[in-house]
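Peer 1: My structure file coords.csv, CSV, C-alpha atoms, is below:
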```csv
chain,number,residue,atom,x,y,z
F,1273,MET,CA,25.7,-6.2,-35.0
F,1274,TYR,CA,27.8,-6.0,-32.0
F,1275,THR,CA,31.4,-7.2,-32.2
F,1276,THR,CA,33.8,-7.7,-29.3
F,1277,ASP,CA,36.2,-5.0,-30.4
F,1278,GLN,CA,33.6,-2.2,-30.1
F,1279,TYR,CA,33.4,0.3,-27.4
F,1280,GLU,CA,30.0,0.3,-25.6
F,1281,GLY,CA,28.6,2.6,-23.0
F,1282,MET,CA,25.2,3.6,-21.8
F,1283,ILE,CA,23.7,6.1,-19.4
F,1284,ALA,CA,20.4,5.1,-17.7
F,1285,GLU,CA,18.6,7.2,-15.2
F,1286,THR,CA,15.3,8.6,-14.0
F,1287,ILE,CA,14.5,12.0,-15.4
F,1288,THR,CA,11.4,14.2,-15.3
F,1289,ILE,CA,9.6,15.4,-18.4
F,1290,LYS,CA,6.4,17.4,-18.8
F,1291,GLY,CA,3.5,15.1,-19.9
F,1292,THR,CA,-0.2,15.7,-20.4
F,1293,ASN,CA,-1.3,19.1,-19.1
F,1294,GLY,CA,2.3,20.0,-18.4
F,1295,ASP,CA,2.4,17.6,-15.4
F,1296,ALA,CA,5.9,16.5,-14.3
F,1297,ILE,CA,6.2,12.7,-14.8
F,1298,ASN,CA,9.0,10.4,-13.9
F,1299,THR,CA,10.6,8.8,-16.9
F,1300,TYR,CA,13.3,6.1,-17.3
F,1301,PHE,CA,15.7,7.1,-20.0
F,1302,ALA,CA,18.5,4.9,-21.3
F,1303,ARG,CA,20.8,6.1,-24.1
F,1304,PRO,CA,24.0,5.0,-25.7
F,1305,MET,CA,27.1,7.0,-25.0
F,1306,GLY,CA,28.3,9.1,-27.9
F,1307,PRO,CA,27.1,11.9,-30.1
F,1308,GLY,CA,24.7,9.8,-32.3
F,1309,PRO,CA,22.7,10.3,-34.3
F,1310,PHE,CA,20.5,7.7,-32.7
F,1311,PRO,CA,16.9,6.7,-33.4
F,1312,GLY,CA,14.6,6.8,-30.5
F,1313,VAL,CA,11.9,4.5,-29.0
F,1314,VAL,CA,9.2,5.3,-26.4
F,1315,LEU,CA,8.1,2.4,-24.3
F,1316,ALA,CA,4.6,2.2,-23.0
F,1317,HIS,CA,4.6,-0.1,-20.0
F,1318,HIS,CA,2.1,-2.8,-19.3
F,1319,LEU,CA,-0.7,-2.9,-16.7
F,1320,PRO,CA,1.6,-4.5,-14.1
F,1321,GLY,CA,3.2,-1.1,-14.0
F,1322,TRP,CA,6.4,0.8,-14.5
F,1323,ASP,CA,8.4,-2.1,-13.3
F,1324,GLU,CA,11.8,-3.6,-13.4
F,1325,LEU,CA,11.0,-5.5,-16.5
F,1326,TYR,CA,10.3,-2.3,-18.4
F,1327,ARG,CA,13.4,-0.7,-17.2
F,1328,GLU,CA,15.3,-3.7,-18.5
F,1329,PHE,CA,13.5,-3.5,-21.8
F,1330,THR,CA,14.5,0.2,-21.9
F,1331,ARG,CA,18.1,-0.6,-21.3
F,1332,ARG,CA,18.0,-3.4,-23.9
F,1333,LEU,CA,16.9,-0.9,-26.6
F,1334,ALA,CA,19.7,1.5,-25.5
F,1335,HIS,CA,22.2,-1.4,-25.8
F,1336,HIS,CA,21.0,-1.8,-29.4
F,1337,GLY,CA,21.6,1.8,-30.2
F,1338,TYR,CA,18.4,3.5,-29.4
F,1339,LEU,CA,17.5,6.5,-27.3
F,1340,ALA,CA,15.0,4.7,-25.2
F,1341,ILE,CA,12.5,6.3,-22.8
F,1342,SER,CA,9.8,4.8,-20.7
F,1343,PRO,CA,7.4,7.3,-18.9
F,1344,ASP,CA,5.7,6.2,-15.7
F,1345,LEU,CA,2.2,6.3,-17.0
F,1346,TYR,CA,0.9,5.9,-13.5
F,1347,CYS,CA,3.0,8.7,-12.0
F,1348,ARG,CA,0.1,10.9,-11.2
F,1349,GLU,CA,-1.8,8.2,-9.4
F,1350,ALA,CA,0.6,7.4,-6.6
F,1351,HIS,CA,4.1,6.4,-5.7
F,1352,GLY,CA,5.1,3.1,-4.0
F,1353,THR,CA,6.3,-0.3,-5.2
F,1354,PRO,CA,5.3,-0.8,-8.9
F,1355,GLU,CA,2.9,-3.6,-7.8
F,1356,ASP,CA,1.1,-1.5,-5.2
F,1357,VAL,CA,0.8,1.4,-7.6
F,1358,ALA,CA,-0.5,-0.8,-10.4
F,1359,ALA,CA,-3.0,-2.4,-8.0
F,1360,ALA,CA,-4.3,1.0,-7.2
F,1361,VAL,CA,-4.6,1.9,-10.8
F,1362,ARG,CA,-6.3,-1.4,-11.6
F,1363,ALA,CA,-8.9,-0.7,-9.0
F,1364,GLU,CA,-9.6,2.7,-10.6
F,1365,GLY,CA,-10.1,1.2,-14.1
F,1366,GLY,CA,-6.7,2.1,-15.5
F,1367,VAL,CA,-5.6,5.5,-16.7
F,1368,SER,CA,-7.3,7.5,-19.4
F,1369,ASP,CA,-6.4,7.0,-23.0
F,1370,ASP,CA,-6.2,10.8,-23.5
F,1371,GLN,CA,-3.7,11.2,-20.7
F,1372,VAL,CA,-1.5,8.3,-22.0
F,1373,MET,CA,-1.5,9.8,-25.5
F,1374,GLY,CA,-0.3,13.1,-24.1
F,1375,ASP,CA,2.5,11.4,-22.1
F,1376,LEU,CA,3.7,9.3,-25.0
F,1377,GLU,CA,3.7,12.4,-27.3
F,1378,ALA,CA,5.7,14.3,-24.8
F,1379,ALA,CA,8.2,11.5,-24.5
F,1380,ALA,CA,8.6,11.3,-28.3
F,1381,LYS,CA,9.1,15.1,-28.6
F,1382,TYR,CA,11.6,15.0,-25.8
F,1383,LEU,CA,13.7,12.4,-27.7
F,1384,LYS,CA,13.4,14.3,-31.0
F,1385,SER,CA,14.6,17.5,-29.2
F,1386,LEU,CA,17.9,15.9,-28.3
F,1387,PRO,CA,21.1,16.8,-30.3
F,1388,SER,CA,21.9,13.1,-30.4
F,1389,SER,CA,18.6,12.2,-32.1
F,1390,ASN,CA,18.3,11.2,-35.7
F,1391,GLY,CA,14.9,12.7,-35.8
F,1392,LYS,CA,13.0,9.4,-35.9
F,1393,VAL,CA,11.1,7.8,-33.0
F,1394,GLY,CA,9.2,4.6,-32.7
F,1395,ALA,CA,6.9,3.3,-30.0
F,1396,PHE,CA,6.9,-0.1,-28.3
F,1397,GLY,CA,4.3,-1.5,-25.9
F,1398,SER,CA,3.0,-4.8,-24.6
F,1399,CYS,CA,-0.3,-5.8,-23.1
F,1400,SER,CA,-2.1,-2.5,-22.2
F,1401,GLY,CA,1.0,-0.8,-23.6
F,1402,GLY,CA,0.5,-2.6,-26.9
F,1403,ARG,CA,-3.0,-1.1,-27.0
F,1404,HIS,CA,-1.6,2.3,-26.1
F,1405,VAL,CA,1.0,2.3,-28.8
F,1406,PHE,CA,-1.5,1.3,-31.5
F,1407,LEU,CA,-3.7,4.2,-30.4
F,1408,ALA,CA,-0.6,6.5,-30.4
F,1409,GLY,CA,0.1,5.4,-34.0
F,1410,CYS,CA,-3.4,6.3,-35.0
F,1411,ARG,CA,-4.0,9.5,-32.9
F,1412,LEU,CA,-0.5,11.0,-32.9
F,1413,GLU,CA,1.7,12.0,-35.8
F,1414,CYS,CA,5.0,11.9,-33.9
F,1415,PHE,CA,5.9,8.2,-34.4
F,1416,ASP,CA,7.7,6.7,-37.3
F,1417,ALA,CA,7.2,3.0,-36.3
F,1418,ILE,CA,5.0,1.1,-33.9
F,1419,VAL,CA,5.7,-2.2,-32.3
F,1420,GLU,CA,2.5,-3.6,-30.9
F,1421,CYS,CA,3.0,-6.7,-28.7
F,1422,TRP,CA,-0.2,-8.6,-27.9
F,1423,GLY,CA,-2.3,-5.5,-27.4
F,1424,GLY,CA,-5.7,-6.6,-26.2
F,1425,ASN,CA,-8.9,-4.6,-26.0
F,1426,ILE,CA,-8.0,-3.0,-29.3
F,1427,ILE,CA,-11.4,-4.4,-30.4
F,1428,MET,CA,-13.8,-3.4,-27.6
F,1429,SER,CA,-17.5,-4.0,-27.3
F,1430,ASP,CA,-19.8,-1.1,-26.3
F,1431,ASP,CA,-20.2,-2.5,-22.8
F,1432,GLN,CA,-16.4,-2.4,-22.3
F,1433,LEU,CA,-16.1,1.3,-23.0
F,1434,THR,CA,-15.6,3.6,-20.1
F,1435,ASP,CA,-15.0,7.3,-19.4
F,1436,LYS,CA,-11.3,6.5,-19.5
F,1437,GLN,CA,-11.4,4.3,-22.5
F,1438,PRO,CA,-14.3,5.8,-24.4
F,1439,VAL,CA,-13.5,4.6,-27.9
F,1440,SER,CA,-12.6,1.2,-29.2
F,1441,PRO,CA,-9.1,1.6,-30.6
F,1442,ASN,CA,-9.8,-0.2,-33.9
F,1443,SER,CA,-12.2,2.6,-34.7
F,1444,TYR,CA,-9.1,4.7,-35.4
F,1445,THR,CA,-7.5,2.1,-37.8
F,1446,LYS,CA,-7.8,4.3,-40.8
F,1447,ASP,CA,-5.8,7.0,-39.1
F,1448,LEU,CA,-2.7,4.9,-38.5
F,1449,SER,CA,0.2,7.0,-39.7
F,1450,ALA,CA,3.2,4.8,-39.1
F,1451,PRO,CA,4.3,1.3,-40.1
F,1452,LEU,CA,3.3,-1.3,-37.6
F,1453,LEU,CA,4.8,-4.6,-36.4
F,1454,GLY,CA,2.5,-6.8,-34.5
F,1455,LEU,CA,3.6,-9.8,-32.4
F,1456,PHE,CA,1.1,-12.2,-31.0
F,1457,GLY,CA,0.8,-15.6,-29.3
F,1458,ASP,CA,-1.8,-18.0,-30.6
F,1459,LEU,CA,-2.5,-19.3,-27.1
F,1460,ASP,CA,-3.3,-15.8,-25.9
F,1461,GLN,CA,-6.8,-15.3,-24.5
F,1462,SER,CA,-6.9,-11.6,-25.1
F,1463,PRO,CA,-6.3,-10.8,-27.8
F,1464,THR,CA,-7.6,-14.1,-29.1
F,1465,PRO,CA,-6.4,-15.3,-32.5
F,1466,GLU,CA,-9.7,-14.3,-33.9
F,1467,GLN,CA,-9.3,-10.8,-32.7
F,1468,VAL,CA,-5.8,-10.7,-34.1
F,1469,ASN,CA,-7.2,-11.8,-37.4
F,1470,GLN,CA,-9.8,-9.1,-37.4
F,1471,HIS,CA,-7.3,-6.5,-36.4
F,1472,GLU,CA,-5.0,-7.5,-39.2
F,1473,GLU,CA,-7.8,-7.6,-41.7
F,1474,GLU,CA,-9.0,-4.1,-40.8
F,1475,LEU,CA,-5.4,-2.7,-41.1
F,1476,LYS,CA,-5.0,-4.4,-44.5
F,1477,ALA,CA,-8.4,-3.1,-45.7
F,1478,ALA,CA,-7.2,0.4,-44.8
F,1479,GLY,CA,-4.1,-0.1,-46.8
F,1480,LYS,CA,-1.7,0.2,-43.9
F,1481,ASP,CA,2.0,-0.8,-43.8
F,1482,ILE,CA,1.9,-3.7,-41.4
F,1483,GLU,CA,3.8,-6.9,-40.5
F,1484,PHE,CA,2.1,-9.4,-38.2
F,1485,HIS,CA,3.8,-12.4,-36.7
F,1486,ARG,CA,2.0,-15.2,-34.8
F,1487,TYR,CA,3.7,-17.7,-32.5
F,1488,PRO,CA,1.8,-21.0,-32.2
F,1489,GLU,CA,3.3,-22.1,-28.9
F,1490,ALA,CA,3.2,-18.7,-27.2
F,1491,GLY,CA,0.5,-17.2,-25.0
F,1492,HIS,CA,0.1,-13.7,-23.6
F,1493,GLY,CA,3.3,-11.8,-22.6
F,1494,PHE,CA,5.8,-14.3,-24.0
F,1495,PHE,CA,8.7,-11.8,-23.6
F,1496,TYR,CA,8.3,-11.7,-19.8
F,1497,PHE,CA,11.2,-13.8,-18.6
F,1498,ASP,CA,10.1,-13.3,-15.0
F,1499,ARG,CA,6.8,-15.1,-15.6
F,1500,PRO,CA,5.8,-18.7,-16.4
F,1501,ILE,CA,4.3,-17.4,-19.7
F,1502,TYR,CA,7.8,-16.6,-21.1
F,1503,HIS,CA,8.3,-18.6,-24.2
F,1504,GLN,CA,12.0,-18.7,-25.1
F,1505,SER,CA,12.1,-19.4,-28.9
F,1506,SER,CA,9.1,-17.1,-29.6
F,1507,ALA,CA,10.7,-14.3,-27.5
F,1508,VAL,CA,14.1,-14.6,-29.2
F,1509,ASP,CA,12.5,-14.5,-32.6
F,1510,GLY,CA,10.2,-11.7,-31.6
F,1511,TRP,CA,13.0,-9.5,-30.4
F,1512,ASP,CA,14.9,-10.2,-33.6
F,1513,LYS,CA,11.8,-9.3,-35.7
F,1514,MET,CA,11.5,-6.1,-33.6
F,1515,PHE,CA,15.1,-5.0,-34.1
F,1516,THR,CA,15.0,-5.7,-37.8
F,1517,PHE,CA,11.8,-3.7,-38.2
F,1518,LEU,CA,13.0,-0.8,-36.1
F,1519,GLY,CA,16.3,-0.8,-37.9
F,1520,LYS,CA,14.5,-0.4,-41.3
F,1521,LYS,CA,11.9,2.1,-40.2
F,1522,LEU,CA,14.0,4.4,-38.0
F,1523,SER,CA,17.3,4.6,-39.8
E,565,MET,CA,-4.4,-8.2,-22.1
E,566,CYS,CA,-5.7,-6.5,-19.0
E,567,THR,CA,-9.4,-7.2,-18.6
E,568,MET,CA,-10.0,-4.1,-16.4
E,569,ILE,CA,-12.6,-6.2,-14.5
E,570,CYS,CA,-12.6,-4.9,-11.0
E,571,GLU,CA,-15.4,-5.0,-8.4
E,572,ARG,CA,-15.1,-2.9,-5.2
E,573,ALA,CA,-16.7,-2.9,-1.8
E,574,GLU,CA,-16.3,-0.9,1.4
E,575,MET,CA,-14.8,-3.0,4.2
E,576,GLU,CA,-14.7,-2.8,8.0
E,577,GLY,CA,-12.0,-4.7,9.7
E,578,SER,CA,-8.2,-5.0,9.9
E,579,GLY,CA,-5.5,-6.2,7.6
E,580,LYS,CA,-1.9,-7.1,8.3
E,581,GLY,CA,0.4,-5.5,5.7
E,582,ARG,CA,4.1,-5.1,5.4
E,583,ASP,CA,4.1,-2.5,8.2
E,584,GLY,CA,1.7,-4.4,10.5
E,585,TRP,CA,-2.0,-4.1,11.1
E,586,PHE,CA,-4.0,-1.3,9.6
E,587,PRO,CA,-7.8,-0.5,9.4
E,588,LEU,CA,-9.4,-1.6,6.2
E,589,GLU,CA,-11.3,0.7,4.0
E,590,MET,CA,-12.0,-1.2,0.8
E,591,VAL,CA,-11.6,-4.5,-1.0
E,592,ASN,CA,-10.8,-4.6,-4.7
E,593,VAL,CA,-11.5,-7.8,-6.5
E,594,SER,CA,-10.2,-8.0,-10.0
E,595,TYR,CA,-10.2,-10.8,-12.6
E,596,ASP,CA,-7.0,-9.8,-14.4
E,597,HIS,CA,-3.2,-10.5,-14.6
E,598,PRO,CA,-1.8,-11.5,-11.2
E,599,PHE,CA,1.6,-10.2,-10.2
E,600,ASN,CA,2.9,-13.4,-8.8
E,601,ALA,CA,0.6,-16.4,-9.3
E,602,PRO,CA,1.6,-18.4,-12.3
E,603,TRP,CA,-1.5,-18.0,-14.5
E,604,GLU,CA,-2.3,-15.5,-17.2
E,605,TYR,CA,-5.4,-14.5,-15.3
E,606,GLY,CA,-6.4,-14.8,-11.7
E,607,VAL,CA,-8.8,-13.5,-9.1
E,608,ASN,CA,-6.8,-10.8,-7.3
E,609,ILE,CA,-8.1,-9.6,-4.0
E,610,ASP,CA,-6.6,-6.5,-2.5
E,611,PHE,CA,-7.7,-5.3,1.0
E,612,VAL,CA,-6.6,-1.7,1.1
E,613,ASN,CA,-6.7,1.6,2.9
E,614,GLN,CA,-6.0,4.1,0.2
E,615,SER,CA,-6.0,7.0,2.7
E,616,ARG,CA,-2.8,5.5,4.2
E,617,GLY,CA,-1.1,5.1,0.8
E,618,VAL,CA,-0.9,2.4,-1.9
E,619,GLY,CA,1.4,0.3,0.3
E,620,SER,CA,-1.5,-0.3,2.8
E,621,ARG,CA,-2.6,-3.4,0.9
E,622,VAL,CA,-3.1,-7.1,1.8
E,623,ALA,CA,-3.0,-9.0,-1.4
E,624,VAL,CA,-3.9,-12.5,-2.5
E,625,GLU,CA,-4.0,-13.9,-6.0
E,626,LEU,CA,-6.3,-17.0,-6.5
E,627,SER,CA,-7.3,-19.3,-9.2
E,628,PRO,CA,-11.0,-18.9,-10.1
E,629,GLN,CA,-11.7,-22.3,-8.5
E,630,SER,CA,-10.0,-21.2,-5.3
E,631,ALA,CA,-11.8,-17.9,-5.3
E,632,LYS,CA,-15.2,-19.7,-5.5
E,633,ARG,CA,-14.1,-22.0,-2.7
E,634,LEU,CA,-13.1,-19.0,-0.6
E,635,ALA,CA,-16.5,-17.3,-1.2
E,636,ASP,CA,-18.3,-20.5,-0.3
E,637,THR,CA,-16.2,-21.0,2.8
E,638,ILE,CA,-16.9,-17.5,4.0
E,639,ILE,CA,-20.6,-18.0,3.5
E,640,GLN,CA,-20.5,-21.3,5.4
E,641,ALA,CA,-18.6,-19.7,8.3
E,642,LEU,CA,-21.0,-16.8,8.4
E,643,GLN,CA,-24.0,-19.1,8.4
E,644,LYS,CA,-22.6,-21.1,11.4
E,645,GLY,CA,-21.6,-18.1,13.3
E,646,GLU,CA,-24.8,-16.1,12.7
E,647,LYS,CA,-27.2,-18.9,13.7
E,648,ASP,CA,-25.5,-19.4,17.1
E,649,PRO,CA,-27.2,-17.0,19.6
E,650,GLN,CA,-24.2,-17.2,21.9
E,651,ILE,CA,-21.8,-15.7,19.4
E,652,GLN,CA,-22.1,-12.0,18.8
E,653,ILE,CA,-19.6,-9.9,16.9
E,654,SER,CA,-19.6,-6.5,18.4
E,655,VAL,CA,-18.5,-3.3,16.6
E,656,LEU,CA,-17.0,-0.9,19.0
```
Is it possible to give me this structure as structure tokens?
Peer 2:
Amino acid sequence: MYTTDQYEGMIAETITIKGTNGDAINTYFARPMGPGPFPGVVLAHHLPGWDELYREFTRRLAHHGYLAISPDLYCREAHGTPEDVAAAVRAEGGVSDDQVMGDLEAAAKYLKSLPSSNGKVGAFGSCSGGRHVFLAGCRLECFDAIVECWGGNIIMSDDQLTDKQPVSPNSYTKDLSAPLLGLFGDLDQSPTPEQVNQHEEELKAAGKDIEFHRYPEAGHGFFYFDRPIYHQSSAVDGWDKMFTFLGKKLS
Amino acid sequence: MCTMICERAEMEGSGKGRDGWFPLEMVNVSYDHPFNAPWEYGVNIDFVNQSRGVGSRVAVELSPQSAKRLADTIIQALQKGEKDPQIQISVL
């Protein structure tokens, strides 16, 4: 817990790392000043893009003592305002799951390679990012904790599958290799409460280390303070749950 | 969560974006999270010319009811215009 007599400093900047296929991708990296050792968190941004909100989330994690890194998952598609880029990606049906997995893995490995790392890295994502970090927890072995916030399309019907999203993420449930915190709003339309229940039941049936929290008055994206869907008490509690979870799993 | 519902069609015409008028190439109509409109989901219509960059975009975000009203209104205007023999839209 922060006290007013503590020194605090942070460096936050755009860097370039090599993602899937060795492609250079822009990445926002915020880290506490000091030698560490610090745990790390990779942030998978939401469909509205690599936006100011996600850079703020990244800095917030650094403020709480994490090496925090948010790769631009749309970096290959185009550059422009986050909204214009996201609109172009939306029109193309999103980015491929395989490509995102490679980028998230590269970001995790980058953090672990730093001398200030404690060797542990978690993943945080919301909306499409929540889906991506659940997939990452199942398909990759580089993460020590997963924070999945209202990830939809984790349970996909056959007619929703595409070349870019060819497998329903819940098919990988048995492969989840990290503890998972899930935060969901009961008023969300996707994932619906029924889908959240199914997701939780499948994880429990597979014997996974999970912690699900549901917020009755919250809908989709209740952390997003720049949107009407922000729900203050749920967001405050959700962030608290997240920092408690990460503190336990990444220390 | 993002629905990934997006329908696309080629367009002929002009759009006025942040840098002025530009020729249209496509329209992308998605039923997904809007960037600005206050709902969780909206009908997002982007008139674009990708060959000029992602910034060549005229965007509107509508409620489903408004989107249906827009579609009906376009059809009504077309029906009136196309049945009047004195009105001809010429393509140069």
Peer 1: Which protein, DNA or RNA residues have an atom at most 7 Å from (-9.2, -9.3, -7.9), counting all atoms listed in the file? List them as a ChimeraX atom specification.
Peer 2: /E:570,592-596,607-610
Peer 1: How close does chain F get to chain E? List, as a tab-separated table, each residue of chain F within 9 Å, its nearest atom pair and the distance in Å to one decimal, counting all atoms listed in the file.
Peer 2:
```
residue	atom	partner	partner_atom	distance
F:His1318	CA	E:Cys566	CA	8.6
F:Leu1319	CA	E:Cys566	CA	6.6
F:Pro1320	CA	E:Phe599	CA	6.9
F:Ala1350	CA	E:Val618	CA	7.0
F:His1351	CA	E:Val618	CA	7.4
F:Gly1352	CA	E:Gly619	CA	6.3
F:Thr1353	CA	E:Gly619	CA	7.4
F:Glu1355	CA	E:Phe599	CA	7.1
F:Asp1356	CA	E:Val618	CA	5.5
F:Val1357	CA	E:Val618	CA	6.0
F:Ala1359	CA	E:Asp610	CA	7.7
F:Ala1360	CA	E:Val618	CA	6.5
F:Arg1362	CA	E:Met568	CA	6.6
F:Ala1363	CA	E:Cys570	CA	5.9
F:Glu1364	CA	E:Cys570	CA	8.2
F:Gly1365	CA	E:Met568	CA	5.8
F:Gly1366	CA	E:Met568	CA	7.1
F:Ser1398	CA	E:Met565	CA	8.5
F:Cys1399	CA	E:Met565	CA	4.9
F:Ser1400	CA	E:Met565	CA	6.1
F:Gly1402	CA	E:Met565	CA	8.9
F:Arg1403	CA	E:Met565	CA	8.7
F:Trp1422	CA	E:Met565	CA	7.2
F:Gly1423	CA	E:Met565	CA	6.3
F:Gly1424	CA	E:Met565	CA	4.6
F:Asn1425	CA	E:Met565	CA	7.0
F:Gln1432	CA	E:Met568	CA	8.9
F:Asp1460	CA	E:Met565	CA	8.6
F:Gln1461	CA	E:Met565	CA	7.9
F:Ser1462	CA	E:Met565	CA	5.2
F:Pro1463	CA	E:Met565	CA	6.5
F:Gly1491	CA	E:Glu604	CA	8.5
F:His1492	CA	E:Glu604	CA	7.1
F:Gly1493	CA	E:Met565	CA	8.5
F:Arg1499	CA	E:Pro602	CA	7.0
F:Pro1500	CA	E:Pro602	CA	5.9
F:Ile1501	CA	E:Glu604	CA	7.3
```
Peer 1: For the atom pair CA of Cys1421 (chain F) and CA of Lys1381 (chain F), what is the interatomic distance in Å to one decimal place?
Peer 2: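 Distance reported for this atom pair: 22.6 Å.
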Peer 1: Report, as lines of an AutoDock Vina configuration file, the axis-aligned box around all atoms of region 1276-1280 of chain F present in the file, extended by 6 Å on each side; give centre and edge lengths in Å to one decimal place.
Peer 2:
```
center_x = 33.1
center_y = -3.7
center_z = -28.0
size_x = 18.2
size_y = 20.0
size_z = 16.8
```
Peer 1: Rounded to one decimal place, report the CA of Phe1495 (chain F)-CA of Ala1507 (chain F) distance in Å.
Peer 2: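 Between these atoms lies a distance of 5.0 Å.
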Peer 1: Using all atoms listed in the file, which protein or nucleic acid residues come within 10 Å of Asn1293 (chain F)? Drop anything in the same chain fewer than 6 positions from it, and give the result as a VMD selection string.
Peer 2: chain F and resid 1371 1374 to 1375
Peer 1: Could those residues be written to a file, using C-alpha atoms, as a PDB file, in the coordinates of the input?
Peer 2:
```
ATOM      1  CA  GLN F1371      -3.700  11.200 -20.700  1.00  0.00           C
ATOM      2  CA  GLY F1374      -0.300  13.100 -24.100  1.00  0.00           C
ATOM      3  CA  ASP F1375       2.500  11.400 -22.100  1.00  0.00           C
TER       4      ASP F1375
END
```
Peer 1: Pick from F:Lys1384, F:Lys1521, F:His1317, F:His1503: nearest to Tyr1300 (chain F), with all atoms listed in the file counted?
Peer 2: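 Smallest separation from Tyr1300 (chain F) among the options: F:His1317.
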Peer 1: What does the distance between CA of Leu1325 (chain F) and CA of Ile1297 (chain F) come to in Å, to one decimal place?
Peer 2: 18.9 Å
Peer 1: Using only C-alpha atoms, which of the listed residues (E:Pro587, E:Ser578, E:Gly606, E:Pro649) sits closest to Ser630 (chain E)?
Peer 2: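 Nearest to Ser630 (chain E): E:Gly606.
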Peer 1: Quick one: residues within 9 Å of Val1393 (chain F), only C-alpha atoms, excluding same-chain residues fewer than 4 positions away - as an NGL selection string?
Peer 2: :F and (1311-1314 or 1339 or 1380-1381 or 1383-1384 or 1389 or 1414-1417 or 1522)
Peer 1: Could you check the closest approach to Tyr1382 (chain F) for each of F:Gly1291, F:Pro1441, F:Pro1451, F:Gly1510 and tell me which residue wins, using all atoms listed in the file?
Peer 2: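 Distance minimum relative to Tyr1382 (chain F) lands on F:Gly1291.
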Peer 1: Counting all atoms listed in the file, which of F:Ala1378, F:Gly1337, F:Ala1296, F:Met1373 gets nearest to Phe1310 (chain F)?
Peer 2: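 Residue with the minimum atom-to-atom distance to Phe1310 (chain F): F:Gly1337.
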